[in-house]
Every structure is written in structure tokens, then in C-alpha cells.
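S.K.: Handing over final_26.tsv, TSV, C-alpha atoms.
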```
chain	number	residue	atom	x	y	z
Z	22	MET	CA	-11.29	-25.93	-20.81
Z	23	VAL	CA	-9.93	-28.38	-18.22
Z	24	LEU	CA	-6.41	-27.99	-19.61
Z	25	ILE	CA	-6.66	-24.19	-19.44
Z	26	ALA	CA	-7.92	-24.41	-15.86
Z	27	ILE	CA	-5.00	-26.65	-14.87
Z	28	ILE	CA	-2.48	-24.31	-16.50
Z	29	ILE	CA	-3.94	-21.29	-14.68
Z	30	THR	CA	-3.87	-23.19	-11.39
Z	31	VAL	CA	-0.26	-24.30	-11.84
Z	32	PHE	CA	0.83	-20.75	-12.63
Z	33	TYR	CA	-1.06	-19.44	-9.60
Z	34	LEU	CA	0.41	-22.10	-7.34
Z	35	ILE	CA	3.95	-21.32	-8.51
Z	36	LEU	CA	3.36	-17.57	-8.15
Z	37	ILE	CA	1.98	-17.61	-4.59
Z	38	ALA	CA	4.50	-20.23	-3.47
Z	39	SER	CA	7.25	-17.98	-4.86
Z	40	PHE	CA	5.90	-15.05	-2.84
Z	41	ALA	CA	5.88	-17.22	0.29
Z	42	LEU	CA	9.50	-18.18	-0.41
Z	43	GLY	CA	10.42	-14.56	-1.11
Z	44	PHE	CA	8.70	-13.52	2.11
Z	45	ASP	CA	11.07	-15.74	4.07
Z	46	LYS	CA	14.07	-14.54	2.07
Z	47	ALA	CA	13.31	-10.93	3.02
Z	48	LYS	CA	15.12	-10.77	6.34
Z	49	GLU	CA	13.37	-9.06	9.23
Z	50	PHE	CA	15.16	-5.93	10.42
Z	51	LEU	CA	15.44	-5.44	14.17
Z	52	LEU	CA	15.85	-1.90	15.44
Z	53	ASN	CA	19.09	-1.49	17.39
Z	54	GLU	CA	20.37	1.43	19.41
Z	55	VAL	CA	22.11	3.75	16.95
Z	56	ALA	CA	22.64	7.48	17.15
Z	57	PRO	CA	19.98	9.19	14.98
Z	58	LYS	CA	21.58	10.70	11.93
Z	59	THR	CA	19.25	10.86	8.93
Z	60	LYS	CA	17.25	14.02	8.31
Z	61	PHE	CA	13.73	13.49	6.98
Z	62	SER	CA	11.09	15.60	5.28
Z	63	ILE	CA	7.74	13.94	6.07
Z	64	VAL	CA	5.31	14.68	3.22
Z	65	ILE	CA	1.57	14.31	3.85
Z	66	PRO	CA	-0.94	15.32	1.16
Z	67	PHE	CA	-4.48	15.73	2.50
Z	68	ARG	CA	-7.97	16.59	1.34
Z	69	ASN	CA	-11.00	16.68	3.65
Z	70	GLU	CA	-9.30	14.77	6.48
Z	71	ALA	CA	-10.73	16.69	9.44
Z	72	LYS	CA	-11.63	13.51	11.32
Z	73	ASN	CA	-8.11	12.05	11.00
Z	74	LEU	CA	-5.59	14.88	11.14
Z	75	ALA	CA	-5.60	15.40	14.92
Z	76	HIS	CA	-4.75	11.72	15.52
Z	77	LEU	CA	-2.03	11.80	12.85
Z	78	LEU	CA	-0.43	14.95	14.28
Z	79	ASP	CA	-0.53	13.52	17.80
Z	80	SER	CA	1.32	10.43	16.56
Z	81	ILE	CA	3.89	12.66	14.84
Z	82	TYR	CA	4.40	14.64	18.05
Z	83	LYS	CA	5.01	11.37	19.94
Z	84	LEU	CA	7.69	10.14	17.52
Z	85	ASN	CA	10.77	9.13	19.49
Z	86	TYR	CA	13.15	10.87	17.10
Z	87	PRO	CA	15.03	14.15	17.57
Z	88	LYS	CA	12.66	16.83	16.30
Z	89	PRO	CA	15.45	18.97	14.79
Z	90	LEU	CA	16.17	16.04	12.44
Z	91	PHE	CA	12.80	16.09	10.69
Z	92	GLU	CA	10.21	18.45	9.28
Z	93	VAL	CA	6.56	17.85	8.45
Z	94	ILE	CA	5.11	19.22	5.21
Z	95	LEU	CA	1.31	19.07	5.04
Z	96	VAL	CA	-0.03	19.74	1.55
Z	97	ASP	CA	-3.64	20.91	1.40
Z	98	ASP	CA	-5.33	19.69	-1.78
Z	99	ASN	CA	-8.23	22.17	-1.72
Z	100	SER	CA	-9.94	20.81	1.39
Z	101	GLU	CA	-13.56	21.79	1.88
Z	102	ASP	CA	-13.89	20.83	5.55
Z	103	GLU	CA	-12.26	21.94	8.80
Z	104	SER	CA	-8.89	20.34	8.06
Z	105	LEU	CA	-6.90	23.57	8.09
Z	106	ASN	CA	-8.51	24.78	11.30
Z	107	ILE	CA	-7.70	21.51	13.04
Z	108	ILE	CA	-4.08	21.70	11.89
Z	109	ASN	CA	-3.76	25.28	13.10
Z	110	GLU	CA	-5.19	24.35	16.52
Z	111	LYS	CA	-2.78	21.45	16.80
Z	112	ILE	CA	0.18	23.63	15.85
Z	113	LYS	CA	-0.76	25.91	18.76
Z	114	ASP	CA	-0.61	22.88	21.07
Z	115	PHE	CA	2.91	22.13	19.80
Z	116	ILE	CA	4.11	25.73	19.98
Z	117	ASN	CA	6.61	25.05	22.78
Z	118	SER	CA	8.09	22.00	21.08
Z	119	GLU	CA	10.76	21.88	18.39
Z	120	LEU	CA	8.33	20.26	15.96
Z	121	ASN	CA	8.63	21.92	12.57
Z	122	ILE	CA	5.32	21.82	10.65
Z	123	LEU	CA	4.82	23.55	7.33
Z	124	VAL	CA	1.36	23.80	5.73
Z	125	ILE	CA	1.29	24.58	2.01
Z	126	GLN	CA	-1.25	24.59	-0.80
Z	127	ASN	CA	-1.10	22.05	-3.60
Z	128	GLU	CA	0.07	23.37	-6.96
Z	129	ARG	CA	-2.03	21.55	-9.53
Z	130	HIS	CA	-0.47	20.87	-12.94
Z	131	THR	CA	-1.67	17.38	-13.88
Z	132	ASN	CA	-4.57	14.94	-13.65
Z	133	SER	CA	-3.11	13.49	-10.44
Z	134	PRO	CA	-3.72	15.66	-7.35
Z	135	LYS	CA	-1.62	13.50	-5.05
Z	136	LYS	CA	1.40	13.41	-7.36
Z	137	ASP	CA	1.14	17.18	-7.70
Z	138	ALA	CA	1.00	17.51	-3.91
Z	139	ILE	CA	4.10	15.38	-3.37
Z	140	THR	CA	5.99	17.23	-6.10
Z	141	THR	CA	4.98	20.57	-4.57
Z	142	ALA	CA	6.25	19.45	-1.16
Z	143	ILE	CA	9.54	18.05	-2.44
Z	144	LYS	CA	10.36	21.40	-4.05
Z	145	LYS	CA	10.09	22.98	-0.60
Z	146	ALA	CA	11.66	20.13	1.40
Z	147	LYS	CA	14.83	21.02	3.30
Z	148	HIS	CA	16.13	17.47	3.73
Z	149	GLU	CA	17.47	14.83	1.36
Z	150	TRP	CA	15.28	11.96	2.55
Z	151	ILE	CA	11.59	12.23	1.68
Z	152	ILE	CA	9.17	9.96	3.53
Z	153	THR	CA	5.49	9.95	2.60
Z	154	THR	CA	2.44	8.87	4.55
Z	155	ASP	CA	-1.30	9.50	4.43
Z	156	ALA	CA	-3.45	11.75	6.56
Z	157	ASP	CA	-5.56	8.85	7.84
Z	158	CYS	CA	-2.55	6.98	9.25
Z	159	MET	CA	-1.12	6.53	12.73
Z	160	LEU	CA	2.67	6.47	12.94
Z	161	PRO	CA	4.48	4.17	15.41
Z	162	GLU	CA	6.77	5.72	18.02
Z	163	PHE	CA	9.98	4.38	16.49
Z	164	TRP	CA	8.97	4.91	12.85
Z	165	LEU	CA	11.76	7.30	11.89
Z	166	ASN	CA	14.27	5.47	14.11
Z	167	SER	CA	13.60	2.30	12.11
Z	168	PHE	CA	14.12	4.00	8.76
Z	169	ASP	CA	17.20	5.83	10.03
Z	170	ALA	CA	18.87	2.66	11.36
Z	171	PHE	CA	18.08	0.82	8.12
Z	172	ILE	CA	19.42	3.67	5.97
Z	173	GLN	CA	22.61	3.82	8.01
Z	174	LYS	CA	23.13	0.06	7.65
Z	175	THR	CA	22.33	-0.31	3.94
Z	176	ASP	CA	23.29	1.37	0.71
Z	177	THR	CA	19.83	2.50	-0.28
Z	178	VAL	CA	18.04	5.34	-2.04
Z	179	CYS	CA	14.49	3.99	-1.74
Z	180	VAL	CA	12.78	2.09	1.08
Z	181	ALA	CA	9.25	0.66	1.10
Z	182	GLY	CA	7.69	0.17	4.52
Z	183	PRO	CA	4.91	-2.03	5.97
Z	184	VAL	CA	1.28	-0.88	6.16
Z	185	ALA	CA	-1.60	-2.52	8.06
Z	186	TYR	CA	-5.18	-1.81	9.10
Z	187	HIS	CA	-6.39	-1.22	12.65
Z	188	ASP	CA	-8.26	-4.17	14.16
Z	189	GLU	CA	-12.02	-3.78	14.41
Z	190	ASN	CA	-14.53	-6.43	15.31
Z	191	THR	CA	-16.43	-6.57	12.00
Z	192	PHE	CA	-16.37	-8.91	9.03
Z	193	LEU	CA	-15.73	-6.02	6.63
Z	194	ASN	CA	-12.65	-5.01	8.61
Z	195	ARG	CA	-11.31	-8.57	8.80
Z	196	PHE	CA	-11.94	-9.01	5.07
Z	197	GLN	CA	-9.83	-5.91	4.37
Z	198	ILE	CA	-7.09	-7.02	6.78
Z	199	LEU	CA	-6.80	-10.34	4.94
Z	200	ASP	CA	-6.85	-8.47	1.63
Z	201	ILE	CA	-4.01	-6.17	2.66
Z	202	PHE	CA	-2.13	-9.24	3.95
Z	203	SER	CA	-2.22	-10.59	0.40
Z	204	LEU	CA	-0.89	-7.29	-0.93
Z	205	GLN	CA	1.79	-6.96	1.73
Z	206	GLY	CA	2.72	-10.62	1.33
Z	207	ALA	CA	3.16	-10.12	-2.41
Z	208	THR	CA	5.05	-6.87	-1.77
Z	209	ILE	CA	7.50	-8.42	0.69
Z	210	GLY	CA	7.75	-11.58	-1.40
Z	211	GLY	CA	8.58	-9.54	-4.50
Z	212	PHE	CA	11.39	-7.77	-2.67
Z	213	GLY	CA	12.63	-11.09	-1.30
Z	214	LEU	CA	12.76	-12.45	-4.85
Z	215	LYS	CA	14.56	-9.29	-5.96
Z	216	ARG	CA	11.55	-8.45	-8.13
Z	217	PRO	CA	10.09	-5.40	-6.36
Z	218	PHE	CA	6.83	-4.36	-7.98
Z	219	LEU	CA	4.57	-3.16	-5.16
Z	220	CYS	CA	4.78	-0.60	-2.36
Z	221	ASN	CA	2.42	1.65	-0.45
Z	222	GLY	CA	2.64	5.45	-0.38
Z	223	ALA	CA	1.44	5.43	3.23
Z	224	ASN	CA	4.95	4.27	4.19
Z	225	PHE	CA	7.46	5.03	1.46
Z	226	ALA	CA	10.83	6.77	1.60
Z	227	TYR	CA	13.31	7.87	-1.06
Z	228	THR	CA	16.02	10.42	-1.56
Z	229	LYS	CA	15.33	13.71	-3.25
Z	230	THR	CA	18.27	12.90	-5.57
Z	231	ALA	CA	16.60	9.66	-6.70
Z	232	PHE	CA	13.26	11.42	-7.20
Z	233	ASN	CA	14.83	14.14	-9.35
Z	234	SER	CA	17.05	11.73	-11.29
Z	235	VAL	CA	13.98	9.82	-12.54
Z	236	HIS	CA	12.16	13.13	-13.19
Z	237	GLY	CA	9.62	12.52	-10.47
Z	238	PHE	CA	6.23	11.39	-11.72
Z	239	GLU	CA	6.84	12.49	-15.29
Z	240	GLY	CA	5.38	10.00	-17.75
Z	241	ASN	CA	2.36	8.84	-15.71
Z	242	THR	CA	0.71	12.02	-14.49
Z	243	GLU	CA	-2.37	11.36	-16.66
Z	244	ILE	CA	-3.20	8.52	-14.23
Z	245	SER	CA	-4.69	9.94	-11.03
Z	246	SER	CA	-3.33	7.25	-8.68
Z	247	GLY	CA	-0.05	5.34	-8.51
Z	248	ASP	CA	2.21	7.91	-6.87
Z	249	ASP	CA	3.96	5.03	-5.12
Z	250	ILE	CA	4.14	2.13	-7.59
Z	251	PHE	CA	5.04	4.12	-10.70
Z	252	LEU	CA	7.78	5.94	-8.82
Z	253	LEU	CA	9.08	2.61	-7.49
Z	254	GLU	CA	9.21	1.24	-11.05
Z	255	LYS	CA	11.25	4.21	-12.23
Z	256	ILE	CA	13.69	4.15	-9.31
Z	257	VAL	CA	14.23	0.38	-9.64
Z	258	LYS	CA	15.31	0.88	-13.27
Z	259	ILE	CA	17.98	3.42	-12.33
Z	260	TYR	CA	19.01	2.03	-8.91
Z	261	PRO	CA	18.22	-1.73	-9.08
Z	262	GLU	CA	20.51	-2.65	-6.17
Z	263	SER	CA	19.54	0.26	-3.92
Z	264	VAL	CA	15.81	-0.32	-3.46
Z	265	HIS	CA	14.75	-2.25	-0.34
Z	266	TYR	CA	11.83	-3.25	1.85
Z	267	LEU	CA	11.96	-2.41	5.55
Z	268	LYS	CA	10.55	-5.60	7.09
Z	269	CYS	CA	10.52	-4.18	10.58
Z	270	GLU	CA	7.79	-4.41	13.21
Z	271	THR	CA	8.58	-0.98	14.66
Z	272	ALA	CA	8.08	0.62	11.24
Z	273	ILE	CA	4.50	-0.59	10.67
Z	274	VAL	CA	2.17	2.30	9.79
Z	275	ARG	CA	-1.47	1.60	10.55
Z	276	THR	CA	-4.54	3.10	8.97
Z	277	ALA	CA	-8.31	2.67	9.13
Z	278	SER	CA	-10.05	0.25	6.81
Z	279	GLN	CA	-12.90	1.49	4.64
Z	280	PRO	CA	-16.19	1.96	6.54
Z	281	SER	CA	-18.51	0.45	3.91
Z	282	TRP	CA	-18.48	-1.95	0.97
Z	283	ASN	CA	-19.15	0.90	-1.44
Z	284	ALA	CA	-16.17	2.89	-0.11
Z	285	LEU	CA	-14.01	-0.24	-0.31
Z	286	ILE	CA	-15.03	-0.87	-3.91
Z	287	GLN	CA	-14.26	2.74	-4.86
Z	288	GLN	CA	-10.84	2.45	-3.24
Z	289	ARG	CA	-10.03	-0.85	-4.96
Z	290	VAL	CA	-11.25	0.44	-8.34
Z	291	ARG	CA	-8.89	3.39	-7.87
Z	292	TRP	CA	-6.05	0.98	-7.18
Z	293	ALA	CA	-6.97	-1.33	-10.06
Z	294	ALA	CA	-7.33	1.52	-12.56
Z	295	LYS	CA	-3.56	1.97	-12.75
Z	296	THR	CA	-2.60	-1.66	-13.40
Z	297	SER	CA	-2.88	-1.38	-17.18
Z	298	ALA	CA	-0.15	1.27	-17.10
Z	299	TYR	CA	2.38	-0.85	-15.19
Z	300	ASN	CA	5.74	-1.08	-16.91
Z	301	ASN	CA	6.96	-3.90	-14.70
Z	302	TRP	CA	6.29	-7.19	-16.54
Z	303	PHE	CA	6.37	-9.17	-13.30
Z	304	GLY	CA	3.64	-6.97	-11.84
Z	305	LYS	CA	1.52	-7.34	-14.97
Z	306	ILE	CA	1.86	-11.13	-14.98
Z	307	THR	CA	1.01	-11.28	-11.28
Z	308	GLY	CA	-2.14	-9.22	-11.77
Z	309	LEU	CA	-3.21	-11.33	-14.76
Z	310	VAL	CA	-2.64	-14.68	-13.05
Z	311	VAL	CA	-4.48	-13.60	-9.89
Z	312	PHE	CA	-7.41	-12.28	-11.93
Z	313	LEU	CA	-7.64	-15.44	-14.07
Z	314	MET	CA	-7.56	-17.65	-10.99
Z	315	ASN	CA	-10.38	-15.78	-9.29
Z	316	PHE	CA	-12.39	-15.67	-12.51
Z	317	LEU	CA	-11.86	-19.42	-12.95
Z	318	LEU	CA	-13.28	-20.12	-9.49
Z	319	ILE	CA	-16.51	-18.34	-10.49
Z	320	LEU	CA	-16.76	-19.64	-14.05
Z	321	ALA	CA	-15.88	-23.32	-13.53
Z	322	PRO	CA	-18.87	-24.31	-11.34
Z	323	LEU	CA	-21.23	-22.57	-13.76
Z	324	LEU	CA	-19.76	-24.58	-16.61
Z	325	ALA	CA	-19.96	-27.73	-14.48
Z	326	ILE	CA	-23.72	-27.20	-14.06
Z	327	VAL	CA	-24.21	-27.37	-17.85
Z	328	GLY	CA	-21.79	-30.27	-18.23
Z	329	LEU	CA	-18.86	-28.33	-19.70
Z	330	PHE	CA	-16.49	-28.79	-16.79
Z	331	ASN	CA	-15.67	-31.51	-14.29
Z	332	PHE	CA	-16.97	-30.48	-10.88
Z	333	LYS	CA	-14.36	-32.59	-9.03
Z	334	ILE	CA	-11.53	-30.74	-10.76
Z	335	TRP	CA	-13.05	-27.46	-9.63
Z	336	VAL	CA	-13.04	-28.74	-6.03
Z	337	TYR	CA	-9.37	-29.76	-6.37
Z	338	ILE	CA	-8.53	-26.29	-7.70
Z	339	LEU	CA	-10.46	-24.70	-4.85
Z	340	VAL	CA	-8.53	-26.72	-2.26
Z	341	ILE	CA	-5.18	-25.91	-3.88
Z	342	LYS	CA	-5.95	-22.18	-3.85
Z	343	LEU	CA	-7.26	-22.35	-0.28
Z	344	ASN	CA	-4.06	-23.91	1.01
Z	345	ILE	CA	-1.54	-21.78	-0.87
Z	346	ASP	CA	-3.43	-18.58	0.01
Z	347	PHE	CA	-3.50	-19.63	3.66
Z	348	LEU	CA	0.27	-20.20	3.63
Z	349	LEU	CA	1.11	-16.70	2.39
Z	350	LEU	CA	-1.54	-14.95	4.50
Z	351	TYR	CA	-0.50	-16.80	7.64
Z	352	LYS	CA	3.15	-15.80	7.19
Z	353	THR	CA	2.10	-12.19	6.67
Z	354	SER	CA	-0.30	-12.18	9.62
Z	355	ALA	CA	2.48	-13.45	11.90
Z	356	PHE	CA	4.70	-10.50	10.95
Z	357	PHE	CA	1.89	-7.99	11.51
Z	358	ASN	CA	0.66	-9.82	14.62
Z	359	GLN	CA	-2.96	-9.83	13.43
Z	360	ARG	CA	-3.92	-13.49	13.31
Z	361	ARG	CA	-7.39	-12.75	14.70
Z	362	ALA	CA	-8.48	-11.81	11.18
Z	363	PHE	CA	-8.38	-15.53	10.32
Z	364	ARG	CA	-11.73	-15.92	12.08
Z	365	SER	CA	-13.15	-14.73	8.76
Z	366	PHE	CA	-10.70	-16.53	6.49
Z	367	LEU	CA	-13.10	-19.11	4.98
Z	368	THR	CA	-15.91	-16.61	4.46
Z	369	SER	CA	-13.49	-14.08	2.96
Z	370	PHE	CA	-12.02	-16.79	0.74
Z	371	CYS	CA	-15.50	-17.44	-0.70
Z	372	VAL	CA	-16.36	-13.77	-1.14
Z	373	TYR	CA	-13.04	-12.59	-2.55
Z	374	PRO	CA	-13.27	-14.03	-6.11
Z	375	PHE	CA	-16.58	-12.24	-6.69
Z	376	PHE	CA	-15.27	-9.05	-5.12
Z	377	SER	CA	-11.99	-8.98	-7.09
Z	378	VAL	CA	-13.54	-9.86	-10.44
Z	379	TYR	CA	-16.26	-7.24	-9.96
Z	380	VAL	CA	-13.66	-4.58	-9.11
Z	381	ALA	CA	-11.56	-5.57	-12.15
Z	382	PHE	CA	-14.48	-5.21	-14.57
Z	383	ILE	CA	-15.60	-1.91	-13.02
Z	384	ALA	CA	-12.05	-0.56	-13.32
Z	385	LEU	CA	-11.97	-1.50	-17.00
Z	386	PHE	CA	-15.10	0.39	-17.97
Z	387	LYS	CA	-15.89	3.01	-15.34
Z	388	GLY	CA	-14.23	5.75	-13.35
Z	389	TYR	CA	-14.50	6.25	-9.60
Z	390	ARG	CA	-15.19	8.80	-6.90
Z	391	TRP	CA	-12.49	9.69	-4.38
Z	392	LYS	CA	-12.28	12.52	-1.85
Z	393	GLY	CA	-15.33	14.17	-3.38
Z	394	ARG	CA	-13.93	14.11	-6.92
Z	395	VAL	CA	-14.88	12.04	-9.95
Z	396	PHE	CA	-12.10	10.44	-12.00
Z	397	ARG	CA	-13.14	9.10	-15.40
Z	398	LYS	CA	-11.59	6.46	-17.63
```
Output the file's structure as C-alpha cells, nothing else.

M.R.:
Amino acid sequence: MVLIAIIITVFYLILIASFALGFDKAKEFLLNEVAPKTKFSIVIPFRNEAKNLAHLLDSIYKLNYPKPLFEVILVDDNSEDESLNIINEKIKDFINSELNILVIQNERHTNSPKKDAITTAIKKAKHEWIITTDADCMLPEFWLNSFDAFIQKTDTVCVAGPVAYHDENTFLNRFQILDIFSLQGATIGGFGLKRPFLCNGANFAYTKTAFNSVHGFEGNTEISSGDDIFLLEKIVKIYPESVHYLKCETAIVRTASQPSWNALIQQRVRWAAKTSAYNNWFGKITGLVVFLMNFLLILAPLLAIVGLFNFKIWVYILVIKLNIDFLLLYKTSAFFNQRRAFRSFLTSFCVYPFFSVYVAFIALFKGYRWKGRVFRK
């Protein structure tokens, strides 16, 4: 057992250290003054987002990008609240602007409402570049400027962008901020290593040509989530040198963290449910190594109590994980300028193994609830 524990720890150490190295290799992009050129179709699927849509639309209105160069396509996925009324009221407020907002109904064909919504919108999109975000997000002023400048400078067909949570003064919020730091750190690190395997649909852009050339979401529509990662996998196969990460502070999209532990668990189960369908071997290995490491941290002290494991070795493993996790999270927090979350680093470090292992087992055997719907295994 000790040998297995050492092997898992070595693999984990190499993996996270590689992400930290890849994070540094991914060069930060600084927005320069360039004449706006790229035309965007902003695609936003929504369902029951009445409390968020007004803030999102206000942030879209405040975008410092020529309004004739972008359109907004809001896709209603059978909302049961006041979402449509709020959108219509906001459109009236924008009536004298050049902001082009189109509201359409989702055309359901598969088991994945969000993939259907994006596909529905792309069929109606006027522009070549599609950029997706979520209805509970706030967009930074120079969001489109950042993507436009990056697209003009690079030969790209697909760009993943940074996503962060708003700061709130609660442990649950800081726990989620540190968690998303680990995901964003691995995302950026993967791109830096030229092994892209993660992205976030709340800030994801690609050309309509690339989307159609890989036949959109065909092949994984039976899985309700994964509109971002599965599409990334497919585009990377066809355009391996033209997929990039936009490591740019002015492109950071922010969203609200989950309001309760139950909501957080449901969200993470939804995310974890798609991992078994990954085609990217690097992503699969990463998920396995991270799971085994967290499981080891829970199992080893229990075995030590009954004399089946050396307690000192468990402490050494704990210290190794603590330090390498801190390295990657600290690098990521510096980019996102959210170091205050480290007030809860030690507590989160202790809670996270139990949280992640619980989510993994739930995802294996149970479905989840999301947006008022039940998705079964």
C-alpha cells in the first residue's frame, strides 16, 4: 500500500508541477490599441435566469466595442419565470442604441438542452465568430476588444477565455474561488503545455466554420453537459495549431458562485458526469490522478489507525500536496487578482478531498437536478 501511495503522490506532484510550468509558458496577452475588426455573434442560452439577465444585459450594453460589429442571440430554453419579460423591458431601454438583440426559442432535438440552444443560435448567427457566455455572467468592458485583438494577432479558429467568481465574504464563496483557481490553473497550464483539455463555455469563442467542420456537438449529444469541453476536443483534433487560450486580464468573465453546498454539489456532479466520455487521454489521466490523490488522503489515515499504513508517510504526502497545490493556486490567483481567497486555503485544503471524492461517487451512480430538470445516469 505504501508503494502505491508513493506512486500516486509522484504522479500527482509531476502533474501539478507541469501545470504550474505550463501556466508560466502561456504568455499573458496585453490589450493594445487596434482598430476593431472582428464581427461576433454572442450566444447566450438561458433558462429561468430572471434574477441575472438584467445585470448581464447591462454589461453587454456597456461593452466598449462598436455595436454594429456584434449581435446578441439569447436562446430561451423553456423558461418558467419572468426571464422573457425582463429581456423585453431591457430591449426597450436600449431602443435608441445600435445594440442588436435577437431572442429565439430553443429547438430541442437531443438530451442536451444547452447544446441544442447553441446549435439553434449558430444556425441563425450572422457572423463568423461565435462567442458563448452564460446568463449569470458579467462581461468586462473590453471583453470583445480583447478577443478581437487576439484574433487579429494570431492564426486561430478557437479561443478559450478566463472565468472567475465574484468575491463574497463567505467561506463557501472562497472555497469555490479556490476550486475554480485549480480548474483555471489546469486549463491555462494545459494550453501552455500544448495539451489543451479544459475550457469554460462561459467564455469560449470559435468560428462557425470550425463548428460546422467538426459537425458541431454530434457524437456526444446523449450527455447533457459538456458543450464546451467536447467541442474543444473535436476542434483540437482538426485544428491542433489553431486553438489558443486568451490569458488576458481584460477578458475575464465573472459569475456568481453557488449559493449553497447542495447547489454546489449538484453543479459539480453535472460537471463530473461527463468525464467518463472524454476522448482526450491527457484529460482522463488528469482526472484519475487527482481523484486517486484525494481518495488517498482520506483512506491512508484510516488505514494508519488499524496499522496498515505508516502515519508519518501520510503526513509527508499531505505536506507535498499542500505545497504543490499552493504553488499552482497562487499563480492563478495572481492572474485573477483574487488572493484574498487564500484566507480559507488551509480549511479548504482539508475539506476538498472529502468534497471531491463525494462528488465523484455521486456522479458515478446518480443523476442530478439542474435548472428545474432531472438528468439521470

S.K.: Which of these, Z:Arg275, Z:Phe218, Z:Arg195, Z:Leu36, has the shortest distance to Z:Leu367 once you count all atoms listed in the file?

M.R.: Z:Arg195

S.K.: Between Z:Asp97, Z:Pro87, Z:Lys352, Z:Cys371, which has the minimum distance to Z:Ile319 (counting all atoms listed in the file)?

M.R.: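 Among Z:Asp97, Z:Pro87, Z:Lys352, Z:Cys371, it is Z:Cys371 that comes nearest to Z:Ile319.
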
S.K.: Adding 5 Å on each side of the box along x, y and z that holds all listed atoms of stretch 99-117 of chain Z, could you give its centre and edge lengths in Å to one decimal, as JSON?

M.R.:
```
{"center_x": -3.6, "center_y": 23.1, "center_z": 10.5, "size_x": 30.5, "size_y": 15.6, "size_z": 34.5}
```

S.K.: May I ask which of the residues Z:Ile286, Z:Ile259, Z:Leu105, Z:Ala26 is the closest one to Z:Val336, counting all atoms listed in the file?

M.R.: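 Between Z:Ile286, Z:Ile259, Z:Leu105, Z:Ala26, the residue approaching Z:Val336 most closely is Z:Ala26.
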
S.K.: Nearest residue to Z:Tyr379 out of Z:Phe115, Z:Phe316, Z:Phe44, Z:Phe356, using all atoms listed in the file?

M.R.: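 So, comparing all the options, the nearest one is Z:Phe316.
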
S.K.: Using only C-alpha atoms, which residue out of Z:Ile143, Z:Ile273, Z:Ile256, Z:Val290 lies closest to Z:Val64?

M.R.: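 Of Z:Ile143, Z:Ile273, Z:Ile256, Z:Val290, the one nearest Z:Val64 is Z:Ile143, counting only C-alpha atoms.
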